[in-house]
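Undergrad: Handing you a structure now.
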Amino acid sequence: MAASGKLANFRLPPLPTIGEVIKLYNLRAEKQLSQNFLLDMRLTDKIVRQAGNLRDANVCEVGPGPGGLTRSILNAGASDLLVVEKDTRFIPGLQLLSEAAPGKVRIVHGDILSYRLDRGFSSNIAKPWDADPPNLHIIGNLPFSVSTPLIIKWLENMADRTGPFTYGRTRLTLTFQKEVAERLTASTGSRQRSRLSIMAQYLSTVRSCFTIPGRAFVPKPKVDVGVVHFTPLAHPQIQQPFKLVEKVVRNVFQFRRKYCRKGIELLFPEARRLELAEVMMRKADVDPTLRPTELTIPQFRALADVYAHLCTQEPGLLAYEFREELRLKHLTRQTGAPMCTSTVAPPRSS
């Protein structure tokens, strides 16, 4: 009998416990890889339930480690489970699971940051972007060191409809350091509101599922862990290229405790910084005295739209980075050579 009283299509046969597998293969969590094992199957089952119905689903598990979450995914009824594991030490234990679930588990020894997930599953499972999500889920208990760069990569894939999103609006259920989980789900005006909040929420519905206390992991991390679920939006709240949106949001949050005007000014070369920042704020109809955490996503959309318009008037503007201008200025002072800076034409009236 499956969990929640439902009859599952498949149940794993009796196997060594995860603790026994760890001892059998002499596995240790590597601190430099931010590895922490979750041995409590009640918690791994709870993570899997956040993904929704996995009966006959296609699933990619990221960083399965000794395979606790893998077992819960298989017991939930997944028919095709692709596991991507970078650490060679875990492969024999995963092969044990593969043998216990014939034809259901595919093991990839590789790095999820470079693995081509767009080639991981049959194109037959793809759904149009405006349709319901495909029967494909990405689930993972992520090492802290990889979780933030990975979700940023996947958010860009989401915007471009590449990688795991070539199949449609693929859903994600992932663990993060609690602080990162709070940033991802933070609402307007909250202390945790950040660049990550905007980038995740303009592209997807982000749901905080539950918190796992650090003591549940082996070894125990210094922080608790948050489980977060993402469903890509059929229509992103900002209709501009990801890199442009990221640049605007990143600059706004450069000075999170100051007025948003301060960060917006840094989108422009020093010679016309104040003038163009004023134009951008006025056309976007955004109060320049709001703090970055107080800006709503519609306000970020207005800022991104105006900035995109300014960039069409002066193509070099999108490539401009204030840190590079600052670096060249310091270099000029040291060498005495004249500094060559890009010029931005005055904005045309619209």
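Residues are named by chain letter and number: chains run A, B, ... in the order of the structure tokens, numbers start at 1 in each chain, and ligands are numbered from 1 in the order shown.
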Which residues are near Ile18 in chain A? Cut-off 12 Å, only C-alpha atoms, ignore same chain within fewer than 2 positions. Put them as a ChimeraX atom specification.
TA: /A:14-16,20-27,37-41,44,64-72,90,93-94,96-97,218
Undergrad: Give me, as a ChimeraX atom specification, all polymer residues having an atom no more than 7 Å from Arg193 in chain A, counting only C-alpha atoms and skipping those fewer than 6 positions away in the same chain.
TA: /A:183,186-187,293
Undergrad: Could you write out that same residue set with N, CA, C and O atoms as a short mmCIF file (atom, residue, chain, number, x, y, z; two decimals), in the first residue's frame?
TA:
```
data_model
loop_
_atom_site.label_atom_id
_atom_site.label_comp_id
_atom_site.auth_asym_id
_atom_site.auth_seq_id
_atom_site.Cartn_x
_atom_site.Cartn_y
_atom_site.Cartn_z
N ARG A 183 14.30 34.38 -0.04
CA ARG A 183 14.48 35.41 -1.07
C ARG A 183 13.66 35.08 -2.31
O ARG A 183 13.06 35.97 -2.93
N ALA A 186 9.99 35.92 -1.49
CA ALA A 186 9.70 37.15 -0.75
C ALA A 186 8.71 38.06 -1.48
O ALA A 186 8.80 38.24 -2.70
N SER A 187 7.81 38.66 -0.73
CA SER A 187 6.81 39.57 -1.31
C SER A 187 7.33 41.01 -1.29
O SER A 187 8.32 41.33 -0.62
N THR A 293 13.34 47.26 -2.40
CA THR A 293 12.44 46.22 -1.90
C THR A 293 10.97 46.61 -2.01
O THR A 293 10.09 45.75 -1.89
#
```
Undergrad: Quick one: distance from CA of Arg119 in chain A to CA of Gly163 in chain A in Å, one decimal?
TA: 8.2 Å
Undergrad: Once DSSP has gone over the backbone, tell me which residues of range 123-233 of chain A are in strand (DSSP E), as a PyMOL selection string.
TA: chain A and resi 136-140+171-177+204-212+217-218+225-232
Undergrad: Contacts of Pro221 in chain A at 12 Å or less, counting only C-alpha atoms, minus same-chain residues fewer than 6 places along, as a PDB file with N, CA and C atoms, in the first residue's frame?
TA:
```
ATOM      1  N   ALA A  29      29.719  12.576   3.331  1.00  0.00           N
ATOM      2  CA  ALA A  29      29.337  13.852   2.735  1.00  0.00           C
ATOM      3  C   ALA A  29      30.566  14.751   2.704  1.00  0.00           C
ATOM      4  N   GLU A  30      30.889  15.265   1.521  1.00  0.00           N
ATOM      5  CA  GLU A  30      32.064  16.118   1.357  1.00  0.00           C
ATOM      6  C   GLU A  30      31.705  17.566   1.664  1.00  0.00           C
ATOM      7  N   LYS A  31      32.376  18.123   2.672  1.00  0.00           N
ATOM      8  CA  LYS A  31      32.065  19.481   3.098  1.00  0.00           C
ATOM      9  C   LYS A  31      32.311  20.487   1.986  1.00  0.00           C
ATOM     10  N   SER A  34      29.458  20.871  -0.249  1.00  0.00           N
ATOM     11  CA  SER A  34      28.202  21.244   0.427  1.00  0.00           C
ATOM     12  C   SER A  34      27.202  20.094   0.441  1.00  0.00           C
ATOM     13  N   GLN A  35      27.690  18.878   0.619  1.00  0.00           N
ATOM     14  CA  GLN A  35      26.813  17.711   0.616  1.00  0.00           C
ATOM     15  C   GLN A  35      26.239  17.455   2.005  1.00  0.00           C
ATOM     16  N   ASN A  36      24.940  17.192   2.052  1.00  0.00           N
ATOM     17  CA  ASN A  36      24.253  16.820   3.290  1.00  0.00           C
ATOM     18  C   ASN A  36      23.220  15.762   2.948  1.00  0.00           C
ATOM     19  N   PHE A  37      23.269  14.625   3.619  1.00  0.00           N
ATOM     20  CA  PHE A  37      22.372  13.516   3.315  1.00  0.00           C
ATOM     21  C   PHE A  37      21.064  13.649   4.097  1.00  0.00           C
ATOM     22  N   LEU A  38      19.955  13.369   3.431  1.00  0.00           N
ATOM     23  CA  LEU A  38      18.641  13.340   4.063  1.00  0.00           C
ATOM     24  C   LEU A  38      18.214  11.878   4.149  1.00  0.00           C
ATOM     25  N   PRO A 143      22.918  20.630  -3.309  1.00  0.00           N
ATOM     26  CA  PRO A 143      23.986  21.153  -2.459  1.00  0.00           C
ATOM     27  C   PRO A 143      23.929  22.679  -2.459  1.00  0.00           C
ATOM     28  N   PHE A 144      24.204  23.293  -1.309  1.00  0.00           N
ATOM     29  CA  PHE A 144      24.114  24.747  -1.212  1.00  0.00           C
ATOM     30  C   PHE A 144      24.988  25.444  -2.249  1.00  0.00           C
ATOM     31  N   PHE A 176      16.666  24.547  -1.043  1.00  0.00           N
ATOM     32  CA  PHE A 176      17.628  25.648  -0.962  1.00  0.00           C
ATOM     33  C   PHE A 176      17.933  25.932   0.503  1.00  0.00           C
ATOM     34  N   GLN A 177      19.086  26.540   0.728  1.00  0.00           N
ATOM     35  CA  GLN A 177      19.342  27.107   2.041  1.00  0.00           C
ATOM     36  C   GLN A 177      18.146  28.004   2.396  1.00  0.00           C
ATOM     37  N   LYS A 178      17.680  27.951   3.623  1.00  0.00           N
ATOM     38  CA  LYS A 178      16.440  28.637   3.996  1.00  0.00           C
ATOM     39  C   LYS A 178      16.453  30.105   3.591  1.00  0.00           C
ATOM     40  N   ILE A 212      12.754  22.258   6.259  1.00  0.00           N
ATOM     41  CA  ILE A 212      13.346  21.070   6.876  1.00  0.00           C
ATOM     42  C   ILE A 212      14.409  21.539   7.866  1.00  0.00           C
ATOM     43  N   PRO A 213      14.288  21.163   9.131  1.00  0.00           N
ATOM     44  CA  PRO A 213      15.308  21.593  10.096  1.00  0.00           C
ATOM     45  C   PRO A 213      16.670  20.993   9.767  1.00  0.00           C
ATOM     46  N   GLY A 214      17.710  21.759  10.006  1.00  0.00           N
ATOM     47  CA  GLY A 214      19.063  21.300   9.704  1.00  0.00           C
ATOM     48  C   GLY A 214      19.410  19.985  10.371  1.00  0.00           C
ATOM     49  N   ARG A 215      18.820  19.723  11.546  1.00  0.00           N
ATOM     50  CA  ARG A 215      19.149  18.499  12.283  1.00  0.00           C
ATOM     51  C   ARG A 215      18.690  17.231  11.560  1.00  0.00           C
TER      52      ARG A 215
END
```
Undergrad: Identify which of the residues A:Ala131, A:Ile112, A:Val223, A:Ala126 lies closest to Ile151 in chain A, counting only C-alpha atoms when measuring atom-to-atom distances.
TA: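 When distances to Ile151 in chain A are compared using only C-alpha atoms, the smallest one comes from A:Ile112.
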Undergrad: For a quick check of understanding, using only C-alpha atoms, which of A:Pro133, A:Pro128, A:Gly63, A:Pro149 has the smallest distance to His109 in chain A?
TA: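 Among the listed residues, the smallest separation from His109 in chain A belongs to A:Gly63.
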Undergrad: Which residues in range 97-280 of chain A does DSSP call alpha helix (DSSP H)? List them as a PyMOL selection string.
TA: chain A and resi 97-100+144-160+178-185+195-201+242-252+260-265+273-280
Undergrad: Selection from above, C-alpha atoms, as a PDB file, in the first residue's frame, can you write it?
TA:
```pdb
ATOM      1  CA  LEU A  97      18.356   1.150  -7.305  1.00  0.00           C
ATOM      2  CA  SER A  98      18.334   0.848 -11.093  1.00  0.00           C
ATOM      3  CA  GLU A  99      18.490  -2.932 -10.833  1.00  0.00           C
ATOM      4  CA  ALA A 100      15.633  -2.894  -8.312  1.00  0.00           C
ATOM      5  CA  PHE A 144      24.114  24.747  -1.212  1.00  0.00           C
ATOM      6  CA  SER A 145      27.106  25.518  -3.449  1.00  0.00           C
ATOM      7  CA  VAL A 146      25.212  24.771  -6.659  1.00  0.00           C
ATOM      8  CA  SER A 147      21.628  25.787  -5.832  1.00  0.00           C
ATOM      9  CA  THR A 148      21.821  29.527  -6.610  1.00  0.00           C
ATOM     10  CA  PRO A 149      23.845  29.340  -9.867  1.00  0.00           C
ATOM     11  CA  LEU A 150      21.624  26.474 -11.005  1.00  0.00           C
ATOM     12  CA  ILE A 151      18.304  28.254 -10.416  1.00  0.00           C
ATOM     13  CA  ILE A 152      19.648  31.381 -12.167  1.00  0.00           C
ATOM     14  CA  LYS A 153      20.652  29.219 -15.147  1.00  0.00           C
ATOM     15  CA  TRP A 154      17.221  27.578 -15.199  1.00  0.00           C
ATOM     16  CA  LEU A 155      15.429  30.913 -14.898  1.00  0.00           C
ATOM     17  CA  GLU A 156      17.275  32.078 -18.012  1.00  0.00           C
ATOM     18  CA  ASN A 157      16.355  28.788 -19.717  1.00  0.00           C
ATOM     19  CA  MET A 158      12.753  29.428 -18.659  1.00  0.00           C
ATOM     20  CA  ALA A 159      12.796  32.890 -20.237  1.00  0.00           C
ATOM     21  CA  ASP A 160      14.336  31.531 -23.457  1.00  0.00           C
ATOM     22  CA  LYS A 178      16.440  28.637   3.996  1.00  0.00           C
ATOM     23  CA  GLU A 179      17.693  32.194   3.403  1.00  0.00           C
ATOM     24  CA  VAL A 180      17.738  31.618  -0.376  1.00  0.00           C
ATOM     25  CA  ALA A 181      14.270  30.027  -0.267  1.00  0.00           C
ATOM     26  CA  GLU A 182      12.977  33.109   1.563  1.00  0.00           C
ATOM     27  CA  ARG A 183      14.481  35.409  -1.072  1.00  0.00           C
ATOM     28  CA  LEU A 184      12.928  33.417  -3.903  1.00  0.00           C
ATOM     29  CA  THR A 185       9.446  33.702  -2.406  1.00  0.00           C
ATOM     30  CA  ARG A 195      17.142  40.414  -7.157  1.00  0.00           C
ATOM     31  CA  LEU A 196      16.377  36.686  -6.930  1.00  0.00           C
ATOM     32  CA  SER A 197      12.774  37.416  -5.866  1.00  0.00           C
ATOM     33  CA  ILE A 198      12.104  39.511  -8.977  1.00  0.00           C
ATOM     34  CA  MET A 199      13.874  37.204 -11.440  1.00  0.00           C
ATOM     35  CA  ALA A 200      12.007  34.133 -10.170  1.00  0.00           C
ATOM     36  CA  GLN A 201       8.586  35.717  -9.751  1.00  0.00           C
ATOM     37  CA  PHE A 242      16.292  37.948 -19.687  1.00  0.00           C
ATOM     38  CA  LYS A 243      19.704  39.619 -19.704  1.00  0.00           C
ATOM     39  CA  LEU A 244      18.176  43.080 -20.034  1.00  0.00           C
ATOM     40  CA  VAL A 245      15.762  42.417 -17.160  1.00  0.00           C
ATOM     41  CA  GLU A 246      18.566  40.962 -15.046  1.00  0.00           C
ATOM     42  CA  LYS A 247      20.730  44.023 -15.662  1.00  0.00           C
ATOM     43  CA  VAL A 248      17.986  46.443 -14.616  1.00  0.00           C
ATOM     44  CA  VAL A 249      17.093  44.427 -11.509  1.00  0.00           C
ATOM     45  CA  ARG A 250      20.741  43.895 -10.543  1.00  0.00           C
ATOM     46  CA  ASN A 251      21.481  47.609 -10.752  1.00  0.00           C
ATOM     47  CA  VAL A 252      18.388  48.591  -8.789  1.00  0.00           C
ATOM     48  CA  CYS A 260      15.954  53.076  -6.194  1.00  0.00           C
ATOM     49  CA  ARG A 261      17.115  56.099  -8.216  1.00  0.00           C
ATOM     50  CA  LYS A 262      20.671  55.482  -6.990  1.00  0.00           C
ATOM     51  CA  GLY A 263      20.917  52.053  -8.646  1.00  0.00           C
ATOM     52  CA  ILE A 264      19.098  53.154 -11.808  1.00  0.00           C
ATOM     53  CA  GLU A 265      21.632  55.934 -12.333  1.00  0.00           C
ATOM     54  CA  ARG A 273      23.827  59.610 -15.754  1.00  0.00           C
ATOM     55  CA  LEU A 274      21.520  61.974 -13.879  1.00  0.00           C
ATOM     56  CA  GLU A 275      19.721  63.137 -17.003  1.00  0.00           C
ATOM     57  CA  LEU A 276      18.943  59.667 -18.395  1.00  0.00           C
ATOM     58  CA  ALA A 277      18.040  58.249 -15.001  1.00  0.00           C
ATOM     59  CA  GLU A 278      15.498  61.054 -14.583  1.00  0.00           C
ATOM     60  CA  VAL A 279      14.096  60.318 -18.059  1.00  0.00           C
ATOM     61  CA  MET A 280      13.803  56.625 -17.234  1.00  0.00           C
TER      62      MET A 280
END
```
Undergrad: With only C-alpha atoms as the basis for distance, which of A:Leu326, A:Leu142, A:Ile238, A:Leu117 is at the shortest distance from Arg301 in chain A?
TA: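 Comparing A:Leu326, A:Leu142, A:Ile238, A:Leu117 against Arg301 in chain A, the winner is A:Ile238.
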Undergrad: Would you compute the distance between CA of Ser190 in chain A and CA of Ala51 in chain A? Give it in Å to one decimal.
TA: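 One can read the CA of Ser190 in chain A to CA of Ala51 in chain A distance as 26.5 Å.
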Undergrad: Distance CA of Pro288 in chain A-CA of Asp305 in chain A, one decimal place?
TA: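 About the pair CA of Pro288 in chain A and CA of Asp305 in chain A: they are 16.5 Å apart.
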Undergrad: If you count only C-alpha atoms, which residues fall within 7 Å of Gly140 in chain A, apart from same-chain ones fewer than 6 positions away, as an MDAnalysis selection string?
TA: chainID A and resid 61:63 173:175
Undergrad: Check the smallest atom-to-atom distance from each of A:Cys60, A:Leu12, A:Val206, A:Ile91 to Asn75 in chain A using only C-alpha atoms, then report the winner.
TA: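 For Asn75 in chain A, the nearest of the candidates is A:Leu12.
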Undergrad: Please list as a PyMOL selection string every residue within 9 Å of Glu321 in chain A, counting only C-alpha atoms and excluding residues in the same chain fewer than 3 positions away.
TA: chain A and resi 266-269+317-318+324-326
Undergrad: Using N, CA, C and O atoms, can you export the residues from the last selection as a PDB file, in the first residue's frame?
TA:
```
ATOM      1  N   LEU A 266      23.164  54.044 -12.277  1.00  0.00           N
ATOM      2  CA  LEU A 266      24.353  53.291 -12.698  1.00  0.00           C
ATOM      3  C   LEU A 266      24.132  52.510 -13.991  1.00  0.00           C
ATOM      4  O   LEU A 266      25.046  51.848 -14.479  1.00  0.00           O
ATOM      5  N   LEU A 267      22.935  52.565 -14.541  1.00  0.00           N
ATOM      6  CA  LEU A 267      22.698  51.964 -15.864  1.00  0.00           C
ATOM      7  C   LEU A 267      23.284  52.830 -16.982  1.00  0.00           C
ATOM      8  O   LEU A 267      23.375  52.378 -18.132  1.00  0.00           O
ATOM      9  N   PHE A 268      23.689  54.072 -16.640  1.00  0.00           N
ATOM     10  CA  PHE A 268      24.072  55.040 -17.669  1.00  0.00           C
ATOM     11  C   PHE A 268      25.489  55.570 -17.442  1.00  0.00           C
ATOM     12  O   PHE A 268      25.940  55.684 -16.298  1.00  0.00           O
ATOM     13  N   PRO A 269      26.189  55.909 -18.544  1.00  0.00           N
ATOM     14  CA  PRO A 269      27.531  56.501 -18.421  1.00  0.00           C
ATOM     15  C   PRO A 269      27.503  57.785 -17.600  1.00  0.00           C
ATOM     16  O   PRO A 269      26.503  58.516 -17.592  1.00  0.00           O
ATOM     17  N   LEU A 317      24.366  51.201 -25.243  1.00  0.00           N
ATOM     18  CA  LEU A 317      23.927  51.376 -23.865  1.00  0.00           C
ATOM     19  C   LEU A 317      23.732  50.043 -23.148  1.00  0.00           C
ATOM     20  O   LEU A 317      24.070  49.906 -21.974  1.00  0.00           O
ATOM     21  N   LEU A 318      23.220  49.051 -23.860  1.00  0.00           N
ATOM     22  CA  LEU A 318      22.968  47.752 -23.234  1.00  0.00           C
ATOM     23  C   LEU A 318      24.268  47.106 -22.758  1.00  0.00           C
ATOM     24  O   LEU A 318      24.295  46.419 -21.733  1.00  0.00           O
ATOM     25  N   GLU A 324      33.037  48.820 -15.306  1.00  0.00           N
ATOM     26  CA  GLU A 324      34.082  48.910 -16.324  1.00  0.00           C
ATOM     27  C   GLU A 324      34.505  50.362 -16.527  1.00  0.00           C
ATOM     28  O   GLU A 324      35.698  50.662 -16.668  1.00  0.00           O
ATOM     29  N   GLU A 325      33.541  51.283 -16.511  1.00  0.00           N
ATOM     30  CA  GLU A 325      33.878  52.698 -16.622  1.00  0.00           C
ATOM     31  C   GLU A 325      34.724  53.140 -15.426  1.00  0.00           C
ATOM     32  O   GLU A 325      35.694  53.892 -15.570  1.00  0.00           O
ATOM     33  N   LEU A 326      34.378  52.632 -14.259  1.00  0.00           N
ATOM     34  CA  LEU A 326      35.133  52.954 -13.048  1.00  0.00           C
ATOM     35  C   LEU A 326      36.551  52.410 -13.135  1.00  0.00           C
ATOM     36  O   LEU A 326      37.527  53.075 -12.764  1.00  0.00           O
TER      37      LEU A 326
END
```
Undergrad: Do you know which residues are at most 8 Å from Val108 in chain A counting only C-alpha atoms, after dropping those on the same chain fewer than 2 positions away, and could you put them as a VMD selection string?
TA: chain A and resid 82 to 85 106 110
Undergrad: Could those residues be written to a file, using C-alpha atoms, as an mmCIF file, in the first residue's frame?
TA:
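In the end it all went to out.cif:
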```cif
data_model
loop_
_atom_site.group_PDB
_atom_site.id
_atom_site.type_symbol
_atom_site.label_atom_id
_atom_site.label_comp_id
_atom_site.auth_asym_id
_atom_site.auth_seq_id
_atom_site.Cartn_x
_atom_site.Cartn_y
_atom_site.Cartn_z
ATOM 1 C CA LEU A 82 16.784 10.329 -15.092
ATOM 2 C CA VAL A 83 19.307 10.941 -12.295
ATOM 3 C CA VAL A 84 22.247 13.273 -12.864
ATOM 4 C CA GLU A 85 25.070 12.754 -10.372
ATOM 5 C CA ARG A 106 18.691 6.101 -16.192
ATOM 6 C CA GLY A 110 27.859 14.372 -15.072
#
```
